[in-house]
Amino acid sequence: MNSIKYLYIFFGTLVALSLNSCSESFLDHVPDERTEIDSEQKVIDLLKTAYPVANTMWVGEISSDNLIDNQAPHLPTKPWDKQILTHYNYGTYDRWDEELFRFQPVTLGTYSDSDSPGRIWGGYYASIATCNAALKALDEIKAETGQETDRMRAARAEALLIRAYSHFCLSNVFCQAYKDPERSRLDIGIPYVTEMEDVVQKEYDRGNVAEVYDKIEADLLAGLAGVDELYYTQPKWHFNVNAAHAFAARFYLYKREWAKVIEHANYVLGTDNNTLLNMMMDYSVFTDCSTGSDYSLAWQSPNQNNNLMLIGTYSLMYRRCFGYRYSCAGPPARDVFLINARHDFWRSYYVCPIGLVSGMVFGNNTHDYGYINSKIFEQFEYSDKIAGIGYPHIIVRAFTANELLLERAEAKIMLGQIDAGAEDLCAYWNNSIDKFSEADYKSYYEGGYINYITKDMIVKWYSNPSHGNCHENWDFTQTNVSPSYVVTAEQVPFMNCVNEFRRFETMFEGLRFFDLKRWGVEYSHVCGLYSEEIHLTGSDPHRAIEVPWETISAGMESSYGAPKDNQTNQLIFNPEDFRIK
């Protein structure tokens with residue numbers, strides 16, 4: 001697992017070339033001032049480009065239990081349709097979508113394909129390379145001037161946080177979930193890159209998951225110690241102080257250091273409900289929305305206290321998941337949006353009123369194309385309006401107060417603080433109602449369509465394994481993750497509630513895949529007209545997305561531990577081994 005392999009990725013770093021015979025030509029001049037990062041302002045400007053523009057949402061969603069194959073017979077989503085098995089002959093947006101849905105390595109997509117594993121790999125390592133360039137420049141400026149200003153310290157902290165975040169995302173996509181300090185040393189990691197590249201191919205140690213998490217934590221803590229909004233004009237587009245603590249809370253949630261989750265979440269959310277209410281999603285802003293674009297701008301607004309950090313990405317996610325072969329339809333749509341389920345928390349409407357108020361469920365009444373969430377509507381940047389061409393963007397809400405609250409609830413429950421955890425779960429639901437507009441509050445709450453909830457209601461509903469996303473017990477956490485990961489009978493209904501609330505809150509954002517991994521939940525994908533079931537067991541290596549085939553071809557070790565030649569210790573890679581059978 002620790003063998004040194006070539007890392008073949010497009011970092012976008014500069015390679016110095018010796019051109020001795022070109023004196024006085026244009027080659028003697030620096031073509032772009034960014035090639036010489038020799039001032040603190042240039043470092044600050046460089047860091048604006050360091051945030052990853054690749055998007056993990058699609059890989060996360062299609063690899064989770066949130067989407068179905070519309071070509072496989074399934075019940076229609078809408079409760080008023082005739083309840084018979086139906087299939088639709090929709091095509092895939094990209095052929096490699098089929099590979100992902102079957103939990104197979106992607107061989108039909110490349111680095112140039114938007115939303116592909118290759119684009120994620122290259123995009124996040126490009127982010128890391130930019131951070132390393134900034135850190136090197138800061139070291140050189142400090143060595144030359146003999147000082148480090150407050151702005152330089154803030155820039156260093158931002159670079160370290162971005163570097164930690166990018167490695168964290170790469171690890172969660174391409175590796176197994178963190179299990180514990182010992183078991184995670186048996187799972188292959190990803191290269192943790194801390195230096196600028198000056199060669200086209202460089203040897204890297206892929207290491208193991210435990211080592212990667214140790215290095216992420218070191219960068220995270222160093223970044224937290226120096227994070228400052230000193231030079232931000234738009235703090236929501238940077239690792240501001242709240243975003244840094246939200247990142248720390250998520251990191252420690254995945255590492256199951258529960259007390260640290262609560263510590264960092266409290267920094268952002270406070271410890272009283274008045275502060276928390278101010279940080280929650282403001283659903284009143286949707287009152288005047290009428291189009292999907294209106295709703296998305298409200299969701300993605302930097303003026304929302306709930307949005308702790310925003311990242312602009314290049315993505316076709318919105319186009320991929322509606323009207324094509326893989327979409328949120330049938331059973332997953334019913335489970336996520338509570339469609340056609342009489343729930344104690346709400347009644348009469350076919351979908352949770354929180355989703356209705358905020359435009360979380362857009363559909364098509366003529367065909368069961370599935371549902372699309374207004375949170376991920378595309379923002380199109382025209383490069384030529386006359387020609388109608390440009391760049392599709394999706395604004396990623398990297399950290400939100402709503403999701404952070406559910407992280408804190410989970411941590412409290414796992415520490416045995418049941419009452420405190422239940423309070424956070426109730427706050428997630430009840431504060432959402434309190435943030436309705438006056439008209440929506442009157443219509444939905446006073447109209448009797450949604451209820452405030454209590455701890456007793458959580459126990460009553462989520463103790464029943466037949467209700468939606470409920471498990472009778474959580475013994476799979478010990479079997480599939482770590483023997484130290486114990487969910488007691490008392491904790492089960494509250495973890496069931498966390499499971500459902502998190503699935504609802506993060507729908508279409510890709511985080512469900514990470515939750516399934518870190519909890520060790522087993523699930524299946526049903527494929528094609530003959531309903532071929534592909535089951536993902538707790539120990540299945542395919543819980544990690546395979547690294548790009550180009551990288552494997554260049555010598556990178558497979559996430560699955562690809563076979564090697566006994567004599568040369570080199571990987572044996574045959575693309576046909578990974579083709580859809």
# chains A, B, ... in the order shown; residues from 1 in each chain; ligands from 1
>>> closest_atom_pairs(of="stretch 44-133 of chain A", to="stretch 174-198 of chain A", cutoff="7 Å", atoms="only C-alpha atoms", output="Markdown table")
| residue | atom | partner | partner_atom | distance |
| --- | --- | --- | --- | --- |
| A:Ala129 | CA | A:Met196 | CA | 6.2 |
| A:Asn132 | CA | A:Met196 | CA | 5.6 |
| A:Ala133 | CA | A:Met196 | CA | 6.0 |
>>> residues_around(residues="A:Phe103", least_positions_apart="5", cutoff="10 Å", atoms="only C-alpha atoms", output="VMD selection string")
chain A and resid 62 to 64 97 to 98 524 to 525 534 to 536 540 to 546
>>> write_last_selection(atoms="C-alpha atoms", output="mmCIF file, in the first residue's frame")
data_model
loop_
_atom_site.group_PDB
_atom_site.id
_atom_site.type_symbol
_atom_site.label_atom_id
_atom_site.label_comp_id
_atom_site.auth_asym_id
_atom_site.auth_seq_id
_atom_site.Cartn_x
_atom_site.Cartn_y
_atom_site.Cartn_z
ATOM 1 C CA ILE A 62 -24.812 8.574 -8.702
ATOM 2 C CA SER A 63 -22.653 6.455 -6.394
ATOM 3 C CA SER A 64 -25.144 6.763 -3.516
ATOM 4 C CA ASP A 97 -22.384 7.363 -15.933
ATOM 5 C CA GLU A 98 -23.270 3.703 -16.440
ATOM 6 C CA SER A 524 -27.788 -1.787 -3.922
ATOM 7 C CA HIS A 525 -28.228 -0.376 -7.394
ATOM 8 C CA ILE A 534 -25.490 -4.866 -7.700
ATOM 9 C CA HIS A 535 -25.047 -4.918 -3.946
ATOM 10 C CA LEU A 536 -22.350 -2.942 -2.172
ATOM 11 C CA ASP A 540 -16.515 -3.848 -0.872
ATOM 12 C CA PRO A 541 -13.450 -2.045 -2.270
ATOM 13 C CA HIS A 542 -15.778 -0.230 -4.682
ATOM 14 C CA ARG A 543 -16.862 2.028 -1.839
ATOM 15 C CA ALA A 544 -13.833 3.990 -3.052
ATOM 16 C CA ILE A 545 -14.084 5.542 -6.516
ATOM 17 C CA GLU A 546 -11.268 4.291 -8.715
#
>>> closest_residue(among="A:Cys470, A:Ala143, A:Ala126, A:Val53", to="A:Met495", atoms="only C-alpha atoms")
A:Cys470
>>> atom_distance(atom1="atom CA of A:Trp80", atom2="atom CA of A:Phe508")
24.5 Å
